[in-house]
>>> print(open('entry.txt').read())   # compact mmCIF, C-alpha atoms
# COMPACT_ATOMS: atom_id res chain seq x y z
CA MET A 148 41.13 74.24 93.07
CA LYS A 149 38.60 74.71 95.86
CA GLU A 150 37.07 78.20 96.04
CA PRO A 151 36.74 80.32 99.21
CA ALA A 152 33.54 79.86 101.23
CA ILE A 153 31.65 82.95 102.41
CA LEU A 154 31.08 82.81 106.18
CA PHE A 155 29.42 86.22 106.65
CA GLU A 156 28.52 89.23 104.54
CA SER A 157 27.11 92.68 105.26
CA SER A 158 27.28 96.09 103.63
CA ASP A 159 30.54 96.67 105.52
CA LEU A 160 32.35 93.33 105.78
CA VAL A 161 32.86 89.94 104.18
CA ALA A 162 34.29 87.03 106.18
CA LEU A 163 35.43 83.95 104.30
CA ASP A 164 37.24 80.65 104.66
CA LYS A 165 40.39 80.86 102.50
CA PRO A 166 41.54 77.55 101.02
CA PRO A 167 45.26 76.71 101.01
CA GLY A 168 47.09 77.78 97.87
CA TRP A 169 45.24 81.09 97.48
CA LEU A 170 47.02 84.42 97.78
CA SER A 171 45.30 86.98 100.04
CA ILE A 172 46.13 89.85 97.66
CA PRO A 173 48.00 89.91 94.32
CA ALA A 174 51.70 89.09 94.45
CA ARG A 175 54.25 91.69 93.40
CA GLU A 176 55.00 89.58 90.34
CA PRO A 177 51.77 87.63 89.86
CA ALA A 178 51.45 84.59 87.65
CA PRO A 179 48.21 84.46 85.62
CA SER A 180 47.38 81.11 87.23
CA ASP A 181 47.69 82.38 90.83
CA PRO A 182 44.28 82.38 92.55
CA VAL A 183 43.83 85.58 94.59
CA VAL A 184 41.12 86.03 97.23
CA SER A 185 40.74 89.81 96.79
CA GLN A 186 40.24 89.40 93.04
CA TRP A 187 37.75 86.57 93.56
CA LEU A 188 35.74 88.81 95.89
CA SER A 189 35.91 91.73 93.45
CA GLY A 190 34.21 89.49 90.92
CA ARG A 191 31.34 88.88 93.33
CA TYR A 192 30.77 92.31 94.89
CA ALA A 193 30.51 95.80 93.44
CA GLY A 194 32.65 98.57 94.95
CA ASP A 195 35.68 98.38 97.20
CA ILE A 196 37.19 95.14 98.48
CA LEU A 197 39.84 96.10 101.03
CA PRO A 198 41.94 93.54 102.92
CA VAL A 199 42.02 94.05 106.69
CA HIS A 200 44.68 91.37 107.35
CA ARG A 201 46.40 88.57 105.42
CA LEU A 202 47.11 84.87 105.62
CA ASP A 203 50.11 83.14 104.08
CA ARG A 204 49.41 81.43 100.79
CA PHE A 205 49.35 77.90 102.23
CA THR A 206 47.60 78.83 105.48
CA SER A 207 43.84 78.23 105.32
CA GLY A 208 41.02 79.75 107.32
CA VAL A 209 39.18 82.90 108.34
CA MET A 210 39.86 86.22 106.63
CA ILE A 211 37.85 89.43 106.63
CA PHE A 212 37.66 92.13 103.98
CA ALA A 213 36.05 95.57 104.23
CA ARG A 214 33.58 96.76 101.61
CA ASN A 215 34.07 100.50 102.11
CA ARG A 216 36.70 102.91 103.43
CA ASP A 217 34.94 103.61 106.74
CA ALA A 218 34.59 99.91 107.50
CA HIS A 219 38.25 99.41 106.58
CA ARG A 220 39.39 102.09 109.04
CA THR A 221 37.19 100.62 111.77
CA ALA A 222 38.38 97.06 111.22
CA ASN A 223 42.02 98.14 111.13
CA ARG A 224 41.53 99.73 114.55
CA TRP A 225 40.25 96.39 115.90
CA PHE A 226 43.58 94.81 115.02
CA GLU A 227 45.66 97.77 116.22
CA LYS A 228 43.87 97.81 119.61
CA ARG A 229 43.82 93.99 119.87
CA LEU A 230 40.05 93.86 119.78
CA ALA A 231 40.26 91.16 117.09
CA LYS A 232 41.23 87.86 118.71
CA LYS A 233 42.51 84.93 116.63
CA VAL A 234 42.62 81.19 117.27
CA TYR A 235 44.59 78.86 115.00
CA LEU A 236 44.70 75.07 114.73
CA PHE A 237 47.85 73.28 113.60
CA LEU A 238 49.80 70.03 113.30
CA ALA A 239 53.35 69.93 114.63
CA ALA A 240 56.06 67.58 115.88
CA PRO A 241 57.24 66.42 118.32
CA PRO A 242 54.70 66.78 121.15
CA PRO A 243 55.93 68.94 124.04
CA SER A 244 56.20 67.51 127.52
CA ARG A 245 53.58 69.94 128.88
CA PRO A 246 49.94 70.33 127.72
CA ALA A 247 50.39 74.08 127.23
CA VAL A 248 53.40 76.22 126.33
CA GLN A 249 53.59 80.00 126.26
CA ILE A 250 56.33 81.71 124.24
CA ARG A 251 57.23 85.35 124.86
CA SER A 252 60.01 86.25 122.46
CA ALA A 253 60.42 89.38 120.36
CA ILE A 254 60.04 89.13 116.59
CA ASP A 255 61.88 91.76 114.54
CA GLY A 256 62.56 93.61 117.76
CA LYS A 257 58.88 93.84 118.74
CA PRO A 258 57.21 92.06 121.70
CA ALA A 259 55.40 88.87 120.70
CA GLN A 260 53.47 86.28 122.71
CA THR A 261 51.79 83.01 121.69
CA LEU A 262 49.96 80.37 123.74
CA PHE A 263 50.17 76.81 122.38
CA GLU A 264 47.93 73.98 123.65
CA ILE A 265 47.87 70.26 122.84
CA LEU A 266 44.41 69.09 121.79
CA GLU A 267 45.41 65.53 120.85
CA ALA A 268 48.76 63.77 120.68
CA ALA A 269 50.05 60.89 118.57
CA GLN A 270 53.35 59.07 119.07
CA ASP A 271 55.57 61.66 117.43
CA SER A 272 53.26 64.54 116.42
CA PHE A 273 50.27 66.45 117.76
CA PHE A 274 47.17 68.44 116.90
CA GLY A 275 47.19 71.78 118.67
CA ARG A 276 45.65 75.19 119.17
CA ALA A 277 47.61 78.45 119.01
CA THR A 278 46.38 81.76 120.38
CA PRO A 279 48.60 84.66 119.29
CA LEU A 280 48.33 87.50 121.80
CA THR A 281 50.21 89.82 119.45
CA GLY A 282 50.22 90.01 115.65
CA ARG A 283 53.75 89.73 114.32
CA PHE A 284 54.74 88.42 110.88
CA HIS A 285 54.92 84.59 110.88
CA GLN A 286 54.54 84.71 114.67
CA ILE A 287 53.07 81.24 115.19
CA ARG A 288 55.58 79.61 112.86
CA VAL A 289 58.55 81.35 114.50
CA HIS A 290 57.37 80.67 118.06
CA ALA A 291 56.53 77.01 117.31
CA GLU A 292 60.09 76.48 116.09
CA GLU A 293 61.45 78.19 119.19
CA ALA A 294 59.25 76.00 121.41
CA GLY A 295 60.78 72.89 119.81
CA PHE A 296 57.79 71.72 117.77
CA PRO A 297 57.88 73.33 114.31
CA LEU A 298 54.70 73.08 112.25
CA LEU A 299 54.50 70.18 109.83
CA GLY A 300 55.24 71.35 106.31
CA ASP A 301 57.04 74.51 107.47
CA ARG A 302 60.47 73.75 106.05
CA THR A 303 61.54 77.38 106.53
CA HIS A 304 61.32 76.89 110.30
CA GLY A 305 62.51 73.30 110.58
CA GLY A 306 59.22 71.45 110.14
CA ARG A 307 58.89 67.91 108.82
CA GLU A 308 57.79 67.34 105.23
CA ALA A 309 54.06 67.70 104.51
CA HIS A 310 51.92 68.74 101.54
CA ARG A 311 51.63 72.29 102.97
CA VAL A 312 52.22 74.31 106.12
CA CYS A 313 49.77 72.69 108.54
CA LEU A 314 48.25 75.88 109.94
CA HIS A 315 44.58 76.93 109.88
CA ALA A 316 43.02 80.20 111.04
CA HIS A 317 40.09 78.63 112.86
CA GLU A 318 38.37 81.55 114.58
CA LEU A 319 38.37 85.33 114.47
CA ASP A 320 36.47 87.13 117.22
CA THR A 321 35.72 90.79 116.40
CA PRO A 322 33.32 93.51 117.58
CA ALA A 323 31.25 92.68 114.46
CA GLY A 324 30.93 89.00 115.38
CA THR A 325 32.84 85.75 115.72
CA PHE A 326 33.69 83.95 112.48
CA THR A 327 34.71 80.29 112.40
CA ALA A 328 36.21 78.20 109.60
CA PRO A 329 36.01 74.41 110.12
CA TRP A 330 39.14 72.26 110.29
CA PRO A 331 39.92 71.53 106.63
CA GLU A 332 39.61 68.07 105.19
CA ASP A 333 43.20 67.86 103.91
CA LEU A 334 44.57 68.38 107.44
CA ALA A 335 41.93 66.09 108.95
CA VAL A 336 43.05 63.30 106.59
CA LEU A 337 46.72 63.90 107.43
CA TRP A 338 46.02 63.82 111.17
CA ARG A 339 44.13 60.52 110.86
CA GLN A 340 47.13 59.08 109.03
CA LEU A 341 49.54 60.34 111.67
CA LYS A 342 47.48 58.88 114.50
CA HIS A 343 47.48 55.49 112.81
CA GLY A 344 51.18 55.58 112.06
CA ALA A 345 50.86 55.97 108.29
>>> encode(input="entry.txt", output="structure tokens")
Amino acid sequence: MKEPAILFESSDLVALDKPPGWLSIPAREPAPSDPVVSQWLSGRYAGDILPVHRLDRFTSGVMIFARNRDAHRTANRWFEKRLAKKVYLFLAAPPPSRPAVQIRSAIDGKPAQTLFEILEAAQDSFFGRATPLTGRFHQIRVHAEEAGFPLLGDRTHGGREAHRVCLHAHELDTPAGTFTAPWPEDLAVLWRQLKHGA
């Protein structure tokens, strides 16, 4: 299985590109074969490795971890005060009738807002960008279903069959810098197939 790629490192933070299939932190009932990003980092760096946020197991892309308690508190405040801005890329179906759709619907009783944009459309699917303006659990997946174009591979929320949930955390803009993870090859291959009707 492909290993994470380090995007940035300092005495306070590590930013990486998480491959699909990796857990962000250990599961409650871990299997010995489960690859875990926090454990992988602990094998590379001495001292604390503290997760600031998480990605679902089959979501790829940018994650940051703190390397000390002070940095962890600071980074947590970025997310609490919405100073950390995220951009995701995804594949979904079917294409909406408008080039951009904004969903404002509460999740678990809390306000939630996501902007979806079409970057490229095929006959019955599309490649898009999602900008979550809040940070609720499974927000993009829930709002995509509500908008009428569930993510490919997201069977929980009505998505068509695919090898994984087709969601990638592309960019994370923080006071410490902007970190970008390139569009992964597995989703690039799938999109080429979709465009050519495979």
>>> closest_atom_pairs(input="entry.txt", of="stretch 255-290 of chain A", to="stretch 209-227 of chain A", cutoff="12 Å", atoms="only C-alpha atoms", output="Markdown table")
| residue | atom | partner | partner_atom | distance |
| --- | --- | --- | --- | --- |
| A:Leu280 | CA | A:Phe226 | CA | 11.0 |
| A:Thr281 | CA | A:Phe226 | CA | 9.4 |
| A:Gly282 | CA | A:Phe226 | CA | 8.2 |
| A:Arg283 | CA | A:Phe226 | CA | 11.4 |
>>> write_last_selection(input="entry.txt", atoms="C-alpha atoms", output="mmCIF file, in the frame of the given file")
data_model
loop_
_atom_site.group_PDB
_atom_site.id
_atom_site.type_symbol
_atom_site.label_atom_id
_atom_site.label_comp_id
_atom_site.auth_asym_id
_atom_site.auth_seq_id
_atom_site.Cartn_x
_atom_site.Cartn_y
_atom_site.Cartn_z
ATOM 1 C CA LEU A 280 48.330 87.500 121.800
ATOM 2 C CA THR A 281 50.210 89.820 119.450
ATOM 3 C CA GLY A 282 50.220 90.010 115.650
ATOM 4 C CA ARG A 283 53.750 89.730 114.320
#
>>> residues_around(input="entry.txt", residues="stretch 323-327 of chain A", least_positions_apart="2", cutoff="9 Å", atoms="all atoms listed in the file", output="list in words")
Leu154, Phe155, Leu160, Ala162, Leu163, Asp164, Gly208, Val209, Met210, Ala222, Ala316, His317, Glu318, Leu319, Asp320, Thr321 and Pro329 of chain A
>>> atom_distance(input="entry.txt", atom1="atom CA of A:Ile172", atom2="atom CA of A:Ser185")
5.5 Å
>>> residues_around(input="entry.txt", residues="A:Leu238", least_positions_apart="3", cutoff="10 Å", atoms="all atoms listed in the file", output="list in words")
Pro241, Pro242, Ile265, Glu267, Ala268, Ser272, Phe273, Phe274, Gly275, Arg276, Phe296, Pro297, Leu298, Leu299, Gly300, Val312, Cys313, Leu314, His315, Leu334, Ala335, Leu337, Trp338 and Leu341 of chain A
>>> atom_distance(input="entry.txt", atom1="atom CA of A:Ser252", atom2="atom CA of A:Ile287")
11.2 Å
>>> atom_distance(input="entry.txt", atom1="atom CA of A:Gly190", atom2="atom CA of A:Arg175")
20.3 Å
